$ cat final-v7.txt   # compact mmCIF, N, CA and C atoms
# COMPACT_ATOMS: atom_id res chain seq x y z
N MET A 1 0.84 -1.18 0.00
CA MET A 1 0.00 0.00 0.00
C MET A 1 0.89 1.25 0.00
N ALA A 2 0.44 2.26 -0.70
CA ALA A 2 1.19 3.51 -0.77
C ALA A 2 1.32 4.12 0.62
N ASN A 3 2.39 4.87 0.80
CA ASN A 3 2.61 5.56 2.06
C ASN A 3 1.51 6.61 2.27
N ARG A 4 0.87 6.58 3.40
CA ARG A 4 -0.17 7.57 3.67
C ARG A 4 0.06 8.21 5.02
N SER A 5 -0.38 9.47 5.12
CA SER A 5 -0.24 10.19 6.38
C SER A 5 -1.54 10.88 6.70
N VAL A 6 -1.78 11.06 7.98
CA VAL A 6 -2.98 11.72 8.47
C VAL A 6 -2.72 13.21 8.58
N ILE A 7 -3.66 14.01 8.09
CA ILE A 7 -3.58 15.47 8.20
C ILE A 7 -4.56 15.88 9.28
N SER A 8 -4.10 16.71 10.21
CA SER A 8 -4.96 17.15 11.31
C SER A 8 -4.57 18.56 11.73
N THR A 9 -5.59 19.38 11.98
CA THR A 9 -5.35 20.74 12.45
C THR A 9 -6.42 21.13 13.46
N ASP A 10 -6.03 21.94 14.42
CA ASP A 10 -7.02 22.44 15.38
C ASP A 10 -7.79 23.64 14.82
N LYS A 11 -7.48 24.04 13.59
CA LYS A 11 -8.20 25.14 12.95
C LYS A 11 -9.45 24.66 12.22
N ALA A 12 -9.69 23.35 12.30
CA ALA A 12 -10.92 22.74 11.77
C ALA A 12 -11.45 21.82 12.85
N PRO A 13 -12.73 21.47 12.78
CA PRO A 13 -13.30 20.63 13.84
C PRO A 13 -12.58 19.28 13.95
N ALA A 14 -12.40 18.85 15.17
CA ALA A 14 -11.82 17.54 15.41
C ALA A 14 -12.75 16.47 14.85
N ALA A 15 -12.18 15.37 14.41
CA ALA A 15 -13.00 14.25 13.92
C ALA A 15 -13.87 13.75 15.06
N ILE A 16 -15.16 13.54 14.77
CA ILE A 16 -16.09 13.10 15.82
C ILE A 16 -16.55 11.67 15.59
N GLY A 17 -15.68 10.87 15.02
CA GLY A 17 -15.99 9.48 14.76
C GLY A 17 -14.72 8.75 14.37
N THR A 18 -14.89 7.63 13.73
CA THR A 18 -13.75 6.79 13.34
C THR A 18 -13.24 7.20 11.96
N TYR A 19 -12.74 8.42 11.88
CA TYR A 19 -12.19 8.94 10.62
C TYR A 19 -11.16 10.01 10.93
N SER A 20 -10.40 10.39 9.92
CA SER A 20 -9.41 11.46 10.03
C SER A 20 -9.94 12.69 9.32
N GLN A 21 -9.44 13.88 9.70
CA GLN A 21 -9.82 15.10 8.97
C GLN A 21 -9.45 14.94 7.51
N ALA A 22 -8.26 14.40 7.26
CA ALA A 22 -7.81 14.16 5.89
C ALA A 22 -6.72 13.11 5.90
N VAL A 23 -6.55 12.47 4.76
CA VAL A 23 -5.49 11.49 4.58
C VAL A 23 -4.77 11.84 3.28
N LYS A 24 -3.44 11.87 3.36
CA LYS A 24 -2.62 12.20 2.20
C LYS A 24 -1.90 10.95 1.72
N VAL A 25 -2.04 10.66 0.43
CA VAL A 25 -1.36 9.55 -0.21
C VAL A 25 -0.63 10.14 -1.41
N GLY A 26 0.70 10.11 -1.37
CA GLY A 26 1.47 10.77 -2.41
C GLY A 26 1.16 12.26 -2.37
N ASN A 27 0.75 12.82 -3.50
CA ASN A 27 0.40 14.25 -3.51
C ASN A 27 -1.11 14.46 -3.57
N THR A 28 -1.87 13.41 -3.27
CA THR A 28 -3.33 13.51 -3.25
C THR A 28 -3.82 13.53 -1.80
N VAL A 29 -4.71 14.46 -1.51
CA VAL A 29 -5.26 14.60 -0.16
C VAL A 29 -6.77 14.39 -0.24
N TYR A 30 -7.26 13.47 0.57
CA TYR A 30 -8.68 13.17 0.66
C TYR A 30 -9.21 13.82 1.94
N ILE A 31 -10.02 14.85 1.79
CA ILE A 31 -10.52 15.61 2.94
C ILE A 31 -11.92 15.12 3.27
N SER A 32 -12.08 14.70 4.52
CA SER A 32 -13.38 14.21 4.98
C SER A 32 -14.44 15.29 4.91
N GLY A 33 -15.68 14.85 4.82
CA GLY A 33 -16.80 15.78 4.78
C GLY A 33 -16.79 16.71 5.97
N GLN A 34 -16.93 17.98 5.68
CA GLN A 34 -16.95 19.01 6.73
C GLN A 34 -18.37 19.56 6.86
N ILE A 35 -18.81 19.68 8.10
CA ILE A 35 -20.08 20.31 8.39
C ILE A 35 -19.79 21.62 9.11
N PRO A 36 -20.79 22.48 9.28
CA PRO A 36 -20.52 23.80 9.87
C PRO A 36 -20.34 23.78 11.38
N LEU A 37 -19.26 23.12 11.81
CA LEU A 37 -18.90 23.13 13.22
C LEU A 37 -17.82 24.16 13.44
N ASP A 38 -17.96 24.97 14.48
CA ASP A 38 -16.93 25.92 14.87
C ASP A 38 -15.83 25.11 15.55
N PRO A 39 -14.60 25.15 15.03
CA PRO A 39 -13.55 24.32 15.62
C PRO A 39 -13.19 24.69 17.05
N ALA A 40 -13.43 25.92 17.45
CA ALA A 40 -13.09 26.34 18.81
C ALA A 40 -14.08 25.79 19.84
N THR A 41 -15.35 25.71 19.45
CA THR A 41 -16.38 25.31 20.42
C THR A 41 -17.01 23.96 20.09
N MET A 42 -16.84 23.50 18.84
CA MET A 42 -17.49 22.29 18.32
C MET A 42 -19.01 22.44 18.30
N ASP A 43 -19.48 23.69 18.31
CA ASP A 43 -20.90 23.97 18.18
C ASP A 43 -21.24 24.19 16.71
N VAL A 44 -22.48 23.84 16.34
CA VAL A 44 -22.95 24.06 14.98
C VAL A 44 -23.19 25.55 14.75
N VAL A 45 -22.69 26.03 13.62
CA VAL A 45 -22.99 27.40 13.18
C VAL A 45 -24.27 27.31 12.36
N ASN A 46 -25.34 27.91 12.82
CA ASN A 46 -26.61 27.73 12.11
C ASN A 46 -27.46 28.99 12.03
N ALA A 47 -26.83 30.16 12.10
CA ALA A 47 -27.59 31.41 12.02
C ALA A 47 -28.31 31.53 10.68
N SER A 48 -27.65 31.10 9.60
CA SER A 48 -28.26 31.14 8.26
C SER A 48 -27.57 30.09 7.41
N PHE A 49 -28.16 29.77 6.25
CA PHE A 49 -27.49 28.83 5.36
C PHE A 49 -26.15 29.39 4.92
N GLU A 50 -26.09 30.68 4.60
CA GLU A 50 -24.83 31.28 4.19
C GLU A 50 -23.77 31.12 5.27
N ASP A 51 -24.13 31.36 6.53
CA ASP A 51 -23.17 31.18 7.63
C ASP A 51 -22.68 29.74 7.71
N GLN A 52 -23.59 28.79 7.49
CA GLN A 52 -23.19 27.38 7.49
C GLN A 52 -22.20 27.10 6.37
N ALA A 53 -22.51 27.58 5.16
CA ALA A 53 -21.64 27.33 4.02
C ALA A 53 -20.26 27.96 4.21
N VAL A 54 -20.22 29.18 4.71
CA VAL A 54 -18.95 29.85 4.97
C VAL A 54 -18.11 29.04 5.96
N ARG A 55 -18.74 28.57 7.04
CA ARG A 55 -18.01 27.80 8.05
C ARG A 55 -17.46 26.51 7.44
N VAL A 56 -18.23 25.84 6.61
CA VAL A 56 -17.78 24.61 5.96
C VAL A 56 -16.55 24.90 5.10
N PHE A 57 -16.59 25.95 4.29
CA PHE A 57 -15.45 26.24 3.42
C PHE A 57 -14.24 26.74 4.22
N GLU A 58 -14.47 27.42 5.33
CA GLU A 58 -13.36 27.80 6.21
C GLU A 58 -12.70 26.55 6.80
N ASN A 59 -13.51 25.57 7.18
CA ASN A 59 -12.96 24.32 7.72
C ASN A 59 -12.15 23.59 6.64
N LEU A 60 -12.71 23.51 5.42
CA LEU A 60 -11.97 22.87 4.33
C LEU A 60 -10.67 23.61 4.04
N LYS A 61 -10.72 24.93 4.05
CA LYS A 61 -9.53 25.75 3.79
C LYS A 61 -8.44 25.47 4.82
N ALA A 62 -8.82 25.37 6.09
CA ALA A 62 -7.83 25.10 7.15
C ALA A 62 -7.16 23.75 6.95
N ILE A 63 -7.93 22.75 6.58
CA ILE A 63 -7.36 21.42 6.36
C ILE A 63 -6.48 21.43 5.11
N ALA A 64 -6.93 22.07 4.05
CA ALA A 64 -6.12 22.17 2.83
C ALA A 64 -4.78 22.83 3.12
N GLU A 65 -4.81 23.90 3.89
CA GLU A 65 -3.56 24.60 4.22
C GLU A 65 -2.65 23.74 5.09
N GLU A 66 -3.23 23.00 6.03
CA GLU A 66 -2.43 22.10 6.88
C GLU A 66 -1.76 21.03 6.03
N ALA A 67 -2.41 20.64 4.94
CA ALA A 67 -1.87 19.61 4.05
C ALA A 67 -0.85 20.18 3.06
N GLY A 68 -0.60 21.49 3.13
CA GLY A 68 0.40 22.10 2.26
C GLY A 68 -0.15 22.65 0.96
N GLY A 69 -1.46 22.87 0.91
CA GLY A 69 -2.06 23.40 -0.31
C GLY A 69 -3.03 24.51 -0.01
N SER A 70 -3.97 24.67 -0.91
CA SER A 70 -5.03 25.66 -0.74
C SER A 70 -6.29 25.09 -1.39
N LEU A 71 -7.40 25.76 -1.21
CA LEU A 71 -8.63 25.28 -1.84
C LEU A 71 -8.50 25.24 -3.36
N ASN A 72 -7.65 26.08 -3.94
CA ASN A 72 -7.47 26.06 -5.39
C ASN A 72 -6.72 24.83 -5.88
N HIS A 73 -6.21 24.00 -4.94
CA HIS A 73 -5.62 22.72 -5.31
C HIS A 73 -6.67 21.61 -5.35
N CYS A 74 -7.91 21.91 -4.95
CA CYS A 74 -8.97 20.90 -4.97
C CYS A 74 -9.34 20.57 -6.41
N VAL A 75 -9.46 19.28 -6.68
CA VAL A 75 -9.83 18.84 -8.03
C VAL A 75 -11.25 18.30 -8.08
N LYS A 76 -11.82 17.95 -6.92
CA LYS A 76 -13.17 17.39 -6.88
C LYS A 76 -13.82 17.70 -5.54
N LEU A 77 -15.06 18.19 -5.60
CA LEU A 77 -15.86 18.42 -4.40
C LEU A 77 -17.13 17.59 -4.49
N THR A 78 -17.58 17.10 -3.36
CA THR A 78 -18.90 16.50 -3.26
C THR A 78 -19.65 17.30 -2.22
N ILE A 79 -20.79 17.85 -2.62
CA ILE A 79 -21.58 18.72 -1.76
C ILE A 79 -22.90 18.04 -1.46
N LEU A 80 -23.19 17.91 -0.19
CA LEU A 80 -24.45 17.34 0.28
C LEU A 80 -25.29 18.45 0.89
N LEU A 81 -26.52 18.56 0.43
CA LEU A 81 -27.42 19.63 0.89
C LEU A 81 -28.71 19.05 1.42
N SER A 82 -29.28 19.70 2.41
CA SER A 82 -30.59 19.28 2.92
C SER A 82 -31.70 19.73 1.97
N ASP A 83 -31.40 20.73 1.13
CA ASP A 83 -32.41 21.28 0.22
C ASP A 83 -31.70 21.89 -0.99
N LEU A 84 -32.02 21.42 -2.18
CA LEU A 84 -31.38 21.95 -3.38
C LEU A 84 -31.75 23.41 -3.65
N ALA A 85 -32.73 23.94 -2.93
CA ALA A 85 -33.05 25.36 -3.05
C ALA A 85 -31.86 26.23 -2.63
N ASN A 86 -30.92 25.65 -1.88
CA ASN A 86 -29.73 26.39 -1.42
C ASN A 86 -28.58 26.33 -2.42
N PHE A 87 -28.80 25.67 -3.57
CA PHE A 87 -27.73 25.47 -4.54
C PHE A 87 -27.13 26.78 -5.03
N ALA A 88 -27.96 27.76 -5.36
CA ALA A 88 -27.45 29.04 -5.86
C ALA A 88 -26.58 29.72 -4.81
N GLN A 89 -26.96 29.60 -3.55
CA GLN A 89 -26.16 30.23 -2.50
C GLN A 89 -24.82 29.51 -2.32
N VAL A 90 -24.80 28.21 -2.55
CA VAL A 90 -23.53 27.47 -2.51
C VAL A 90 -22.59 28.05 -3.58
N ASN A 91 -23.11 28.27 -4.79
CA ASN A 91 -22.28 28.84 -5.86
C ASN A 91 -21.73 30.21 -5.45
N GLU A 92 -22.57 31.01 -4.84
CA GLU A 92 -22.16 32.35 -4.42
C GLU A 92 -21.03 32.27 -3.38
N VAL A 93 -21.18 31.40 -2.40
CA VAL A 93 -20.15 31.26 -1.37
C VAL A 93 -18.88 30.66 -1.97
N MET A 94 -19.02 29.65 -2.83
CA MET A 94 -17.84 29.03 -3.45
C MET A 94 -17.01 30.05 -4.22
N ALA A 95 -17.67 31.00 -4.86
CA ALA A 95 -16.96 32.01 -5.65
C ALA A 95 -16.01 32.84 -4.79
N ARG A 96 -16.26 32.90 -3.49
CA ARG A 96 -15.37 33.63 -2.57
C ARG A 96 -14.12 32.83 -2.25
N TYR A 97 -14.17 31.52 -2.42
CA TYR A 97 -13.09 30.64 -1.99
C TYR A 97 -12.30 30.00 -3.12
N PHE A 98 -12.85 29.96 -4.32
CA PHE A 98 -12.20 29.29 -5.44
C PHE A 98 -12.06 30.24 -6.61
N SER A 99 -11.01 30.01 -7.41
CA SER A 99 -10.87 30.75 -8.66
C SER A 99 -10.77 29.73 -9.79
N GLU A 100 -10.99 30.20 -11.01
CA GLU A 100 -10.93 29.29 -12.16
C GLU A 100 -9.51 28.80 -12.38
N PRO A 101 -9.32 27.59 -12.81
CA PRO A 101 -10.35 26.61 -13.15
C PRO A 101 -10.95 26.00 -11.87
N TYR A 102 -12.27 25.96 -11.82
CA TYR A 102 -12.96 25.43 -10.65
C TYR A 102 -12.81 23.92 -10.58
N PRO A 103 -12.92 23.35 -9.38
CA PRO A 103 -12.86 21.88 -9.28
C PRO A 103 -14.10 21.23 -9.89
N ALA A 104 -13.95 19.97 -10.27
CA ALA A 104 -15.13 19.18 -10.63
C ALA A 104 -16.00 19.09 -9.38
N ARG A 105 -17.31 18.87 -9.59
CA ARG A 105 -18.19 18.92 -8.43
C ARG A 105 -19.44 18.09 -8.68
N ALA A 106 -19.93 17.51 -7.61
CA ALA A 106 -21.25 16.87 -7.62
C ALA A 106 -22.00 17.42 -6.42
N ALA A 107 -23.30 17.63 -6.58
CA ALA A 107 -24.13 18.11 -5.47
C ALA A 107 -25.38 17.26 -5.40
N TYR A 108 -25.73 16.89 -4.19
CA TYR A 108 -26.88 16.04 -3.96
C TYR A 108 -27.73 16.59 -2.84
N ALA A 109 -29.02 16.40 -2.94
CA ALA A 109 -29.93 16.65 -1.82
C ALA A 109 -30.07 15.33 -1.08
N VAL A 110 -29.93 15.38 0.23
CA VAL A 110 -30.03 14.18 1.05
C VAL A 110 -31.10 14.37 2.12
N LYS A 111 -31.57 13.29 2.66
CA LYS A 111 -32.65 13.35 3.64
C LYS A 111 -32.22 14.03 4.93
N GLN A 112 -31.00 13.72 5.40
CA GLN A 112 -30.53 14.29 6.66
C GLN A 112 -29.01 14.25 6.70
N LEU A 113 -28.43 15.25 7.36
CA LEU A 113 -26.99 15.32 7.55
C LEU A 113 -26.68 15.28 9.04
N PRO A 114 -25.43 14.97 9.41
CA PRO A 114 -25.09 14.93 10.84
C PRO A 114 -25.45 16.23 11.55
N LYS A 115 -25.94 16.10 12.76
CA LYS A 115 -26.31 17.24 13.61
C LYS A 115 -27.37 18.13 12.97
N ASP A 116 -28.12 17.57 12.02
CA ASP A 116 -29.20 18.29 11.33
C ASP A 116 -28.74 19.58 10.65
N VAL A 117 -27.50 19.61 10.16
CA VAL A 117 -27.02 20.77 9.42
C VAL A 117 -27.58 20.73 8.00
N ASP A 118 -27.37 21.81 7.26
CA ASP A 118 -27.92 21.92 5.91
C ASP A 118 -26.90 21.70 4.80
N ILE A 119 -25.61 21.54 5.16
CA ILE A 119 -24.57 21.37 4.14
C ILE A 119 -23.41 20.56 4.72
N GLU A 120 -22.85 19.71 3.86
CA GLU A 120 -21.61 18.99 4.15
C GLU A 120 -20.83 18.94 2.84
N VAL A 121 -19.52 19.16 2.91
CA VAL A 121 -18.69 19.15 1.70
C VAL A 121 -17.43 18.34 1.98
N GLU A 122 -17.11 17.43 1.05
CA GLU A 122 -15.85 16.71 1.09
C GLU A 122 -15.05 17.10 -0.15
N ALA A 123 -13.73 16.88 -0.09
CA ALA A 123 -12.89 17.34 -1.19
C ALA A 123 -11.75 16.36 -1.45
N ILE A 124 -11.30 16.37 -2.70
CA ILE A 124 -10.06 15.70 -3.09
C ILE A 124 -9.14 16.78 -3.63
N MET A 125 -7.94 16.82 -3.11
CA MET A 125 -6.99 17.88 -3.43
C MET A 125 -5.69 17.24 -3.92
N VAL A 126 -5.05 17.86 -4.91
CA VAL A 126 -3.75 17.40 -5.39
C VAL A 126 -2.78 18.55 -5.23
N THR A 127 -1.69 18.28 -4.49
CA THR A 127 -0.67 19.30 -4.26
C THR A 127 0.52 19.05 -5.16
N GLY A 128 1.30 20.07 -5.42
CA GLY A 128 2.50 19.92 -6.24
C GLY A 128 2.15 19.65 -7.69
N ASP A 129 3.14 19.18 -8.43
CA ASP A 129 2.93 18.91 -9.86
C ASP A 129 2.58 17.50 -10.08
$ encode --input "final-v7.txt" --output "structure tokens"
Amino acid sequence: MANRSVISTDKAPAAIGTYSQAVKVGNTVYISGQIPLDPATMDVVNASFEDQAVRVFENLKAIAEEAGGSLNHCVKLTILLSDLANFAQVNEVMARYFSEPYPARAAYAVKQLPKDVDIEVEAIMVTGD
């Protein structure tokens, strides 16, 4: 098996189950799904959908940086939403965090997410050449 290392930062929520924040294999980083948890308090940020989305991308950004990259190194995102009516707002928030060329992406509406949040995003990132 390829050499793999665990990526962990206190600038993103601690893993709350049997998983790592991210795992790096070679120059590919697999970032676990992030929900809108404040890493300092581990409380859900739920004032608005926009606030939830911002917190999720801030968490992803912290993990990406800990892994030696940035969100612009992401090649694939999977976005889980409680309601596809929030899709346009996801695009608006993503535009603050990513520049072209944008990562490939899939978005799904799901019945329920952990802690009854409205968004979860996981990412695959490639660092270096």
$ residues_around --input "final-v7.txt" --residues "stretch 49-63 of chain A" --least-positions-apart "6" --cutoff "6 Å" --atoms "all atoms listed in the file" --output "JSON, numbers by chain"
{"A": [11, 12, 13, 34, 35, 36, 37, 71]}
$ closest_residue --input "final-v7.txt" --among "A:Ile79, A:Ile31, A:Met42, A:Val117" --to "A:Met94" --atoms "only C-alpha atoms"
A:Ile79
$ atom_distance --input "final-v7.txt" --atom1 "atom C of A:Ser82" --atom2 "atom N of A:Arg105"
18.5 Å
$ closest_residue --input "final-v7.txt" --among "A:Ser8, A:Gln89, A:Ser48, A:Ser70" --to "A:Ser32" --atoms "only C-alpha atoms"
A:Ser8
$ residues_around --input "final-v7.txt" --residues "A:Ala64" --least-positions-apart "6" --cutoff "10 Å" --atoms "only C-alpha atoms" --output "ChimeraX atom specification"
/A:7-9,22,29-31,58,70-74,123-127
$ select_by_dssp --input "final-v7.txt" --residues "chain A" --states "alpha helix (DSSP H)" --output "number ranges by chain"
A: 49-66, 87-97
$ atom_distance --input "final-v7.txt" --atom1 "atom CA of A:Lys24" --atom2 "atom N of A:Glu122"
15.4 Å
$ atom_distance --input "final-v7.txt" --atom1 "atom N of A:Glu100" --atom2 "atom N of A:Val23"
24.1 Å
$ closest_residue --input "final-v7.txt" --among "A:Ala15, A:Ala47, A:Val93, A:Ala104" --to "A:Val75" --atoms "all atoms listed in the file"
A:Ala104
$ residues_around --input "final-v7.txt" --residues "A:Ala106" --least-positions-apart "6" --cutoff "6.5 Å" --atoms "only N, CA and C atoms" --output "PyMOL selection string"
chain A and resi 76-80
$ closest_residue --input "final-v7.txt" --among "A:Glu66, A:Val45, A:Phe98, A:Leu81" --to "A:Val121" --atoms "only N, CA and C atoms"
A:Leu81
$ select_by_dssp --input "final-v7.txt" --residues "chain A" --states "strand (DSSP E or B)" --output "mmCIF file with N, CA and C atoms, in the coordinates of the input"
data_model
loop_
_atom_site.group_PDB
_atom_site.id
_atom_site.type_symbol
_atom_site.label_atom_id
_atom_site.label_comp_id
_atom_site.auth_asym_id
_atom_site.auth_seq_id
_atom_site.Cartn_x
_atom_site.Cartn_y
_atom_site.Cartn_z
ATOM 1 N N ARG A 4 0.870 6.580 3.400
ATOM 2 C CA ARG A 4 -0.170 7.570 3.670
ATOM 3 C C ARG A 4 0.060 8.210 5.020
ATOM 4 N N SER A 5 -0.380 9.470 5.120
ATOM 5 C CA SER A 5 -0.240 10.190 6.380
ATOM 6 C C SER A 5 -1.540 10.880 6.700
ATOM 7 N N VAL A 6 -1.780 11.060 7.980
ATOM 8 C CA VAL A 6 -2.980 11.720 8.470
ATOM 9 C C VAL A 6 -2.720 13.210 8.580
ATOM 10 N N ILE A 7 -3.660 14.010 8.090
ATOM 11 C CA ILE A 7 -3.580 15.470 8.200
ATOM 12 C C ILE A 7 -4.560 15.880 9.280
ATOM 13 N N ALA A 22 -8.260 14.400 7.260
ATOM 14 C CA ALA A 22 -7.810 14.160 5.890
ATOM 15 C C ALA A 22 -6.720 13.110 5.900
ATOM 16 N N VAL A 23 -6.550 12.470 4.760
ATOM 17 C CA VAL A 23 -5.490 11.490 4.580
ATOM 18 C C VAL A 23 -4.770 11.840 3.280
ATOM 19 N N LYS A 24 -3.440 11.870 3.360
ATOM 20 C CA LYS A 24 -2.620 12.200 2.200
ATOM 21 C C LYS A 24 -1.900 10.950 1.720
ATOM 22 N N VAL A 25 -2.040 10.660 0.430
ATOM 23 C CA VAL A 25 -1.360 9.550 -0.210
ATOM 24 C C VAL A 25 -0.630 10.140 -1.410
ATOM 25 N N THR A 28 -1.870 13.410 -3.270
ATOM 26 C CA THR A 28 -3.330 13.510 -3.250
ATOM 27 C C THR A 28 -3.820 13.530 -1.800
ATOM 28 N N VAL A 29 -4.710 14.460 -1.510
ATOM 29 C CA VAL A 29 -5.260 14.600 -0.160
ATOM 30 C C VAL A 29 -6.770 14.390 -0.240
ATOM 31 N N TYR A 30 -7.260 13.470 0.570
ATOM 32 C CA TYR A 30 -8.680 13.170 0.660
ATOM 33 C C TYR A 30 -9.210 13.820 1.940
ATOM 34 N N ILE A 31 -10.020 14.850 1.790
ATOM 35 C CA ILE A 31 -10.520 15.610 2.940
ATOM 36 C C ILE A 31 -11.920 15.120 3.270
ATOM 37 N N SER A 32 -12.080 14.700 4.520
ATOM 38 C CA SER A 32 -13.380 14.210 4.980
ATOM 39 C C SER A 32 -14.440 15.290 4.910
ATOM 40 N N GLY A 33 -15.680 14.850 4.820
ATOM 41 C CA GLY A 33 -16.800 15.780 4.780
ATOM 42 C C GLY A 33 -16.790 16.710 5.970
ATOM 43 N N GLN A 34 -16.930 17.980 5.680
ATOM 44 C CA GLN A 34 -16.950 19.010 6.730
ATOM 45 C C GLN A 34 -18.370 19.560 6.860
ATOM 46 N N LEU A 37 -19.260 23.120 11.810
ATOM 47 C CA LEU A 37 -18.900 23.130 13.220
ATOM 48 C C LEU A 37 -17.820 24.160 13.440
ATOM 49 N N VAL A 44 -22.480 23.840 16.340
ATOM 50 C CA VAL A 44 -22.950 24.060 14.980
ATOM 51 C C VAL A 44 -23.190 25.550 14.750
ATOM 52 N N CYS A 74 -7.910 21.910 -4.950
ATOM 53 C CA CYS A 74 -8.970 20.900 -4.970
ATOM 54 C C CYS A 74 -9.340 20.570 -6.410
ATOM 55 N N VAL A 75 -9.460 19.280 -6.680
ATOM 56 C CA VAL A 75 -9.830 18.840 -8.030
ATOM 57 C C VAL A 75 -11.250 18.300 -8.080
ATOM 58 N N LYS A 76 -11.820 17.950 -6.920
ATOM 59 C CA LYS A 76 -13.170 17.390 -6.880
ATOM 60 C C LYS A 76 -13.820 17.700 -5.540
ATOM 61 N N LEU A 77 -15.060 18.190 -5.600
ATOM 62 C CA LEU A 77 -15.860 18.420 -4.400
ATOM 63 C C LEU A 77 -17.130 17.590 -4.490
ATOM 64 N N THR A 78 -17.580 17.100 -3.360
ATOM 65 C CA THR A 78 -18.900 16.500 -3.260
ATOM 66 C C THR A 78 -19.650 17.300 -2.220
ATOM 67 N N ILE A 79 -20.790 17.850 -2.620
ATOM 68 C CA ILE A 79 -21.580 18.720 -1.760
ATOM 69 C C ILE A 79 -22.900 18.040 -1.460
ATOM 70 N N LEU A 80 -23.190 17.910 -0.190
ATOM 71 C CA LEU A 80 -24.450 17.340 0.280
ATOM 72 C C LEU A 80 -25.290 18.450 0.890
ATOM 73 N N LEU A 81 -26.520 18.560 0.430
ATOM 74 C CA LEU A 81 -27.420 19.630 0.890
ATOM 75 C C LEU A 81 -28.710 19.050 1.420
ATOM 76 N N ALA A 104 -13.950 19.970 -10.270
ATOM 77 C CA ALA A 104 -15.130 19.180 -10.630
ATOM 78 C C ALA A 104 -16.000 19.090 -9.380
ATOM 79 N N ARG A 105 -17.310 18.870 -9.590
ATOM 80 C CA ARG A 105 -18.190 18.920 -8.430
ATOM 81 C C ARG A 105 -19.440 18.090 -8.680
ATOM 82 N N ALA A 106 -19.930 17.510 -7.610
ATOM 83 C CA ALA A 106 -21.250 16.870 -7.620
ATOM 84 C C ALA A 106 -22.000 17.420 -6.420
ATOM 85 N N ALA A 107 -23.300 17.630 -6.580
ATOM 86 C CA ALA A 107 -24.130 18.110 -5.470
ATOM 87 C C ALA A 107 -25.380 17.260 -5.400
ATOM 88 N N TYR A 108 -25.730 16.890 -4.190
ATOM 89 C CA TYR A 108 -26.880 16.040 -3.960
ATOM 90 C C TYR A 108 -27.730 16.590 -2.840
ATOM 91 N N ALA A 109 -29.020 16.400 -2.940
ATOM 92 C CA ALA A 109 -29.930 16.650 -1.820
ATOM 93 C C ALA A 109 -30.070 15.330 -1.080
ATOM 94 N N ILE A 119 -25.610 21.540 5.160
ATOM 95 C CA ILE A 119 -24.570 21.370 4.140
ATOM 96 C C ILE A 119 -23.410 20.560 4.720
ATOM 97 N N GLU A 120 -22.850 19.710 3.860
ATOM 98 C CA GLU A 120 -21.610 18.990 4.150
ATOM 99 C C GLU A 120 -20.830 18.940 2.840
ATOM 100 N N VAL A 121 -19.520 19.160 2.910
ATOM 101 C CA VAL A 121 -18.690 19.150 1.700
ATOM 102 C C VAL A 121 -17.430 18.340 1.980
ATOM 103 N N GLU A 122 -17.110 17.430 1.050
ATOM 104 C CA GLU A 122 -15.850 16.710 1.090
ATOM 105 C C GLU A 122 -15.050 17.100 -0.150
ATOM 106 N N ALA A 123 -13.730 16.880 -0.090
ATOM 107 C CA ALA A 123 -12.890 17.340 -1.190
ATOM 108 C C ALA A 123 -11.750 16.360 -1.450
ATOM 109 N N ILE A 124 -11.300 16.370 -2.700
ATOM 110 C CA ILE A 124 -10.060 15.700 -3.090
ATOM 111 C C ILE A 124 -9.140 16.780 -3.630
ATOM 112 N N MET A 125 -7.940 16.820 -3.110
ATOM 113 C CA MET A 125 -6.990 17.880 -3.430
ATOM 114 C C MET A 125 -5.690 17.240 -3.920
ATOM 115 N N VAL A 126 -5.050 17.860 -4.910
ATOM 116 C CA VAL A 126 -3.750 17.400 -5.390
ATOM 117 C C VAL A 126 -2.780 18.550 -5.230
#
$ closest_residue --input "final-v7.txt" --among "A:Asp10, A:Gly69, A:Asn46, A:Ile16" --to "A:Gly33" --atoms "only C-alpha atoms"
A:Ile16
$ residues_near_point --input "final-v7.txt" --point "(0.1, 2.2, -2.5)" --cutoff "10 Å" --atoms "only C-alpha atoms" --output "tab-separated table (two decimals) with N, CA and C atoms, in the frame of the given file"
chain	number	residue	atom	x	y	z
A	1	MET	N	0.84	-1.18	0.00
A	1	MET	CA	0.00	0.00	0.00
A	1	MET	C	0.89	1.25	0.00
A	2	ALA	N	0.44	2.26	-0.70
A	2	ALA	CA	1.19	3.51	-0.77
A	2	ALA	C	1.32	4.12	0.62
A	3	ASN	N	2.39	4.87	0.80
A	3	ASN	CA	2.61	5.56	2.06
A	3	ASN	C	1.51	6.61	2.27
A	4	ARG	N	0.87	6.58	3.40
A	4	ARG	CA	-0.17	7.57	3.67
A	4	ARG	C	0.06	8.21	5.02
A	25	VAL	N	-2.04	10.66	0.43
A	25	VAL	CA	-1.36	9.55	-0.21
A	25	VAL	C	-0.63	10.14	-1.41
A	26	GLY	N	0.70	10.11	-1.37
A	26	GLY	CA	1.47	10.77	-2.41
A	26	GLY	C	1.16	12.26	-2.37
